[in-house]
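Please read the structure below before turning to the comments.
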Amino acid sequence: MADVRIRMRANGPLVVEGPFQLVDSEGNTFDIPADKPAVALCRCGESSRRPFCDGAHKGCGFISDERAITPTEPQ
Ligand code: FES
């Protein structure tokens with residue numbers, strides 16, 4: 001399994017942890033400092049620093065807190 005973890009924040013960004021590249025639609029790579037342990041990606045659409053989160057989700061009424069479905073035990 002990859003060493004990348006993507007964690008959903010309730011009513012906020014996706015937090016990506018681990019070594020990864022973020023590439024735009026033309027194949028250009030965003031500059032992410034190698035020593036940064038995690039990067040928050042905007043999913044509310046209101047950040048002025050997209051694709052990165054700038055905290056704007058806190059004031060725009062963005063609500064999203066999807067949960068992964070836990071498989072049930074076979075009976
Ligand atoms: S999720 Fe934080 S600004 Fe959009």
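Here's how to read the names in the structure tokens: chain A, B, ... by the order shown, residue numbers from 1 in each chain, ligand numbers from 1 in the order shown.
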
Can you list, as a ChimeraX atom specification, every residue of chain A that DSSP puts in strand (DSSP E or B)? /A:5-8,14-17,23,29,38-41,52

List all protein, DNA and RNA residues that have at least one atom no more than 6 Å from any atom of ligand 1, counting only C-alpha atoms and all ligand atoms, and write them as a PyMOL selection string. chain A and resi 12-13+42-47+53-57

Could you pull the residues within 12 Å of Phe30 of chain A, counting only C-alpha atoms, minus those fewer than 2 positions along the same chain, as a PDB file with all heavy atoms, in the first residue's frame?
```
ATOM      1  N   PHE A  20       3.835  12.761  -2.058  1.00  0.00           N
ATOM      2  CA  PHE A  20       2.961  12.721  -3.237  1.00  0.00           C
ATOM      3  C   PHE A  20       3.262  13.923  -4.116  1.00  0.00           C
ATOM      4  O   PHE A  20       3.936  14.870  -3.691  1.00  0.00           O
ATOM      5  CB  PHE A  20       1.476  12.717  -2.819  1.00  0.00           C
ATOM      6  CG  PHE A  20       1.021  14.025  -2.246  1.00  0.00           C
ATOM      7  CD1 PHE A  20       0.386  14.961  -3.026  1.00  0.00           C
ATOM      8  CD2 PHE A  20       1.255  14.343  -0.914  1.00  0.00           C
ATOM      9  CE1 PHE A  20      -0.035  16.187  -2.505  1.00  0.00           C
ATOM     10  CE2 PHE A  20       0.842  15.544  -0.378  1.00  0.00           C
ATOM     11  CZ  PHE A  20       0.198  16.469  -1.179  1.00  0.00           C
ATOM     12  N   GLN A  21       2.775  13.859  -5.340  1.00  0.00           N
ATOM     13  CA  GLN A  21       2.861  14.991  -6.254  1.00  0.00           C
ATOM     14  C   GLN A  21       1.454  15.466  -6.530  1.00  0.00           C
ATOM     15  O   GLN A  21       0.529  14.652  -6.653  1.00  0.00           O
ATOM     16  CB  GLN A  21       3.503  14.591  -7.581  1.00  0.00           C
ATOM     17  CG  GLN A  21       4.990  14.390  -7.532  1.00  0.00           C
ATOM     18  CD  GLN A  21       5.555  14.200  -8.931  1.00  0.00           C
ATOM     19  OE1 GLN A  21       4.916  13.609  -9.796  1.00  0.00           O
ATOM     20  NE2 GLN A  21       6.749  14.708  -9.150  1.00  0.00           N
ATOM     21  N   LEU A  22       1.282  16.768  -6.647  1.00  0.00           N
ATOM     22  CA  LEU A  22       0.001  17.359  -7.014  1.00  0.00           C
ATOM     23  C   LEU A  22       0.197  18.027  -8.364  1.00  0.00           C
ATOM     24  O   LEU A  22       1.028  18.930  -8.499  1.00  0.00           O
ATOM     25  CB  LEU A  22      -0.443  18.368  -5.953  1.00  0.00           C
ATOM     26  CG  LEU A  22      -1.779  19.042  -6.178  1.00  0.00           C
ATOM     27  CD1 LEU A  22      -2.912  18.022  -6.260  1.00  0.00           C
ATOM     28  CD2 LEU A  22      -2.039  20.045  -5.057  1.00  0.00           C
ATOM     29  N   VAL A  23      -0.527  17.557  -9.359  1.00  0.00           N
ATOM     30  CA  VAL A  23      -0.305  17.969 -10.737  1.00  0.00           C
ATOM     31  C   VAL A  23      -1.572  18.624 -11.282  1.00  0.00           C
ATOM     32  O   VAL A  23      -2.679  18.114 -11.077  1.00  0.00           O
ATOM     33  CB  VAL A  23       0.065  16.730 -11.589  1.00  0.00           C
ATOM     34  CG1 VAL A  23       0.325  17.121 -13.036  1.00  0.00           C
ATOM     35  CG2 VAL A  23       1.286  16.030 -10.997  1.00  0.00           C
ATOM     36  N   ASP A  24      -1.413  19.765 -11.966  1.00  0.00           N
ATOM     37  CA  ASP A  24      -2.585  20.453 -12.526  1.00  0.00           C
ATOM     38  C   ASP A  24      -3.025  19.788 -13.828  1.00  0.00           C
ATOM     39  O   ASP A  24      -2.442  18.794 -14.269  1.00  0.00           O
ATOM     40  CB  ASP A  24      -2.305  21.950 -12.696  1.00  0.00           C
ATOM     41  CG  ASP A  24      -1.311  22.279 -13.807  1.00  0.00           C
ATOM     42  OD1 ASP A  24      -1.011  21.406 -14.654  1.00  0.00           O
ATOM     43  OD2 ASP A  24      -0.831  23.427 -13.832  1.00  0.00           O
ATOM     44  N   SER A  25      -4.060  20.335 -14.443  1.00  0.00           N
ATOM     45  CA  SER A  25      -4.652  19.716 -15.628  1.00  0.00           C
ATOM     46  C   SER A  25      -3.739  19.742 -16.846  1.00  0.00           C
ATOM     47  O   SER A  25      -3.995  19.053 -17.839  1.00  0.00           O
ATOM     48  CB  SER A  25      -5.981  20.387 -15.968  1.00  0.00           C
ATOM     49  OG  SER A  25      -5.758  21.766 -16.239  1.00  0.00           O
ATOM     50  N   GLU A  26      -2.652  20.523 -16.777  1.00  0.00           N
ATOM     51  CA  GLU A  26      -1.691  20.563 -17.885  1.00  0.00           C
ATOM     52  C   GLU A  26      -0.419  19.782 -17.566  1.00  0.00           C
ATOM     53  O   GLU A  26       0.534  19.820 -18.318  1.00  0.00           O
ATOM     54  CB  GLU A  26      -1.351  22.016 -18.216  1.00  0.00           C
ATOM     55  CG  GLU A  26      -2.550  22.784 -18.746  1.00  0.00           C
ATOM     56  CD  GLU A  26      -2.219  24.215 -19.123  1.00  0.00           C
ATOM     57  OE1 GLU A  26      -1.203  24.758 -18.622  1.00  0.00           O
ATOM     58  OE2 GLU A  26      -2.977  24.789 -19.909  1.00  0.00           O
ATOM     59  N   GLY A  27      -0.415  19.119 -16.437  1.00  0.00           N
ATOM     60  CA  GLY A  27       0.733  18.293 -16.080  1.00  0.00           C
ATOM     61  C   GLY A  27       1.804  19.010 -15.293  1.00  0.00           C
ATOM     62  O   GLY A  27       2.864  18.446 -15.033  1.00  0.00           O
ATOM     63  N   ASN A  28       1.539  20.255 -14.912  1.00  0.00           N
ATOM     64  CA  ASN A  28       2.516  21.021 -14.112  1.00  0.00           C
ATOM     65  C   ASN A  28       2.360  20.671 -12.635  1.00  0.00           C
ATOM     66  O   ASN A  28       1.240  20.574 -12.129  1.00  0.00           O
ATOM     67  CB  ASN A  28       2.301  22.528 -14.308  1.00  0.00           C
ATOM     68  CG  ASN A  28       2.409  22.923 -15.764  1.00  0.00           C
ATOM     69  OD1 ASN A  28       3.414  22.633 -16.412  1.00  0.00           O
ATOM     70  ND2 ASN A  28       1.375  23.540 -16.295  1.00  0.00           N
ATOM     71  N   ILE A  32       5.363  21.834  -3.446  1.00  0.00           N
ATOM     72  CA  ILE A  32       5.040  21.492  -2.059  1.00  0.00           C
ATOM     73  C   ILE A  32       6.350  21.229  -1.348  1.00  0.00           C
ATOM     74  O   ILE A  32       7.109  20.345  -1.751  1.00  0.00           O
ATOM     75  CB  ILE A  32       4.136  20.237  -2.011  1.00  0.00           C
ATOM     76  CG1 ILE A  32       2.815  20.520  -2.721  1.00  0.00           C
ATOM     77  CG2 ILE A  32       3.908  19.811  -0.565  1.00  0.00           C
ATOM     78  CD1 ILE A  32       1.914  19.314  -2.863  1.00  0.00           C
ATOM     79  N   PRO A  33       6.640  22.021  -0.308  1.00  0.00           N
ATOM     80  CA  PRO A  33       7.907  21.831   0.412  1.00  0.00           C
ATOM     81  C   PRO A  33       8.056  20.394   0.907  1.00  0.00           C
ATOM     82  O   PRO A  33       7.119  19.819   1.465  1.00  0.00           O
ATOM     83  CB  PRO A  33       7.789  22.800   1.591  1.00  0.00           C
ATOM     84  CG  PRO A  33       6.801  23.824   1.154  1.00  0.00           C
ATOM     85  CD  PRO A  33       5.842  23.102   0.254  1.00  0.00           C
ATOM     86  N   ALA A  34       9.225  19.802   0.676  1.00  0.00           N
ATOM     87  CA  ALA A  34       9.464  18.402   1.033  1.00  0.00           C
ATOM     88  C   ALA A  34       9.362  18.157   2.529  1.00  0.00           C
ATOM     89  O   ALA A  34       9.035  17.054   2.961  1.00  0.00           O
ATOM     90  CB  ALA A  34      10.836  17.973   0.518  1.00  0.00           C
ATOM     91  N   VAL A  39      -0.577  18.365   3.680  1.00  0.00           N
ATOM     92  CA  VAL A  39      -1.090  19.473   2.870  1.00  0.00           C
ATOM     93  C   VAL A  39      -2.604  19.378   2.871  1.00  0.00           C
ATOM     94  O   VAL A  39      -3.169  18.297   2.679  1.00  0.00           O
ATOM     95  CB  VAL A  39      -0.553  19.386   1.423  1.00  0.00           C
ATOM     96  CG1 VAL A  39      -1.207  20.426   0.540  1.00  0.00           C
ATOM     97  CG2 VAL A  39       0.954  19.548   1.406  1.00  0.00           C
ATOM     98  N   LEU A  41      -6.052  20.250   1.111  1.00  0.00           N
ATOM     99  CA  LEU A  41      -6.607  20.600  -0.195  1.00  0.00           C
ATOM    100  C   LEU A  41      -8.054  21.029  -0.028  1.00  0.00           C
ATOM    101  O   LEU A  41      -8.855  20.319   0.595  1.00  0.00           O
ATOM    102  CB  LEU A  41      -6.521  19.404  -1.145  1.00  0.00           C
ATOM    103  CG  LEU A  41      -5.112  18.888  -1.433  1.00  0.00           C
ATOM    104  CD1 LEU A  41      -5.176  17.667  -2.341  1.00  0.00           C
ATOM    105  CD2 LEU A  41      -4.254  19.978  -2.072  1.00  0.00           C
ATOM    106  N   ARG A  49      -6.553  30.310  -2.398  1.00  0.00           N
ATOM    107  CA  ARG A  49      -5.261  29.665  -2.683  1.00  0.00           C
ATOM    108  C   ARG A  49      -5.475  28.285  -3.299  1.00  0.00           C
ATOM    109  O   ARG A  49      -4.646  27.395  -3.127  1.00  0.00           O
ATOM    110  CB  ARG A  49      -4.441  29.523  -1.405  1.00  0.00           C
ATOM    111  CG  ARG A  49      -4.045  30.824  -0.762  1.00  0.00           C
ATOM    112  CD  ARG A  49      -3.161  30.605   0.463  1.00  0.00           C
ATOM    113  NE  ARG A  49      -2.042  29.743   0.180  1.00  0.00           N
ATOM    114  CZ  ARG A  49      -1.831  28.558   0.795  1.00  0.00           C
ATOM    115  NH1 ARG A  49      -2.661  28.136   1.721  1.00  0.00           N
ATOM    116  NH2 ARG A  49      -0.799  27.820   0.480  1.00  0.00           N
ATOM    117  N   ARG A  50      -6.614  28.044  -3.960  1.00  0.00           N
ATOM    118  CA  ARG A  50      -6.882  26.727  -4.532  1.00  0.00           C
ATOM    119  C   ARG A  50      -5.703  26.258  -5.371  1.00  0.00           C
ATOM    120  O   ARG A  50      -5.107  27.082  -6.054  1.00  0.00           O
ATOM    121  CB  ARG A  50      -8.148  26.766  -5.410  1.00  0.00           C
ATOM    122  CG  ARG A  50      -9.414  26.804  -4.579  1.00  0.00           C
ATOM    123  CD  ARG A  50     -10.643  26.659  -5.456  1.00  0.00           C
ATOM    124  NE  ARG A  50     -10.700  27.602  -6.533  1.00  0.00           N
ATOM    125  CZ  ARG A  50     -11.545  28.633  -6.609  1.00  0.00           C
ATOM    126  NH1 ARG A  50     -12.417  28.850  -5.674  1.00  0.00           N
ATOM    127  NH2 ARG A  50     -11.514  29.446  -7.635  1.00  0.00           N
ATOM    128  N   PRO A  51      -5.370  25.016  -5.277  1.00  0.00           N
ATOM    129  CA  PRO A  51      -6.142  23.939  -4.686  1.00  0.00           C
ATOM    130  C   PRO A  51      -5.924  23.766  -3.191  1.00  0.00           C
ATOM    131  O   PRO A  51      -6.419  22.817  -2.607  1.00  0.00           O
ATOM    132  CB  PRO A  51      -5.641  22.709  -5.452  1.00  0.00           C
ATOM    133  CG  PRO A  51      -4.197  23.013  -5.695  1.00  0.00           C
ATOM    134  CD  PRO A  51      -4.164  24.507  -5.988  1.00  0.00           C
ATOM    135  N   PHE A  52      -5.187  24.680  -2.562  1.00  0.00           N
ATOM    136  CA  PHE A  52      -4.891  24.538  -1.135  1.00  0.00           C
ATOM    137  C   PHE A  52      -5.971  25.234  -0.291  1.00  0.00           C
ATOM    138  O   PHE A  52      -6.554  26.223  -0.720  1.00  0.00           O
ATOM    139  CB  PHE A  52      -3.512  25.128  -0.817  1.00  0.00           C
ATOM    140  CG  PHE A  52      -2.420  24.520  -1.648  1.00  0.00           C
ATOM    141  CD1 PHE A  52      -1.878  25.211  -2.729  1.00  0.00           C
ATOM    142  CD2 PHE A  52      -1.971  23.232  -1.393  1.00  0.00           C
ATOM    143  CE1 PHE A  52      -0.889  24.642  -3.522  1.00  0.00           C
ATOM    144  CE2 PHE A  52      -0.977  22.653  -2.179  1.00  0.00           C
ATOM    145  CZ  PHE A  52      -0.447  23.357  -3.246  1.00  0.00           C
TER     146      PHE A  52
END
```

Determine which residues of chain A DSSP labels as helix (DSSP H, G or I) from the backbone of this structure, then write them out as an MDAnalysis selection string. chainID A and resid 56:59

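Closest approach to Ala40 of chain A among A:Val16, A:Arg5, A:Gly61, A:Asn11 is made by A:Val16 (distances from only C-alpha atoms).
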
Compare A:Val15, A:Ala10, A:Asp35, A:Ser48 by their minimum atom-to-atom distance to Arg67 of chain A, counting only C-alpha atoms, and give me the closest one. A:Ala10

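For the atom pair formed by atom CA of Gly18 of chain A and atom CA of Val4 of chain A, the distance is 4.5 Å, given to one decimal.
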
So the first atom is atom CA of Thr29 of chain A and the second is atom CA of Cys60 of chain A; what is the distance between them in Å, to one decimal place?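 That distance, rounded to one decimal, is 28.3 Å.
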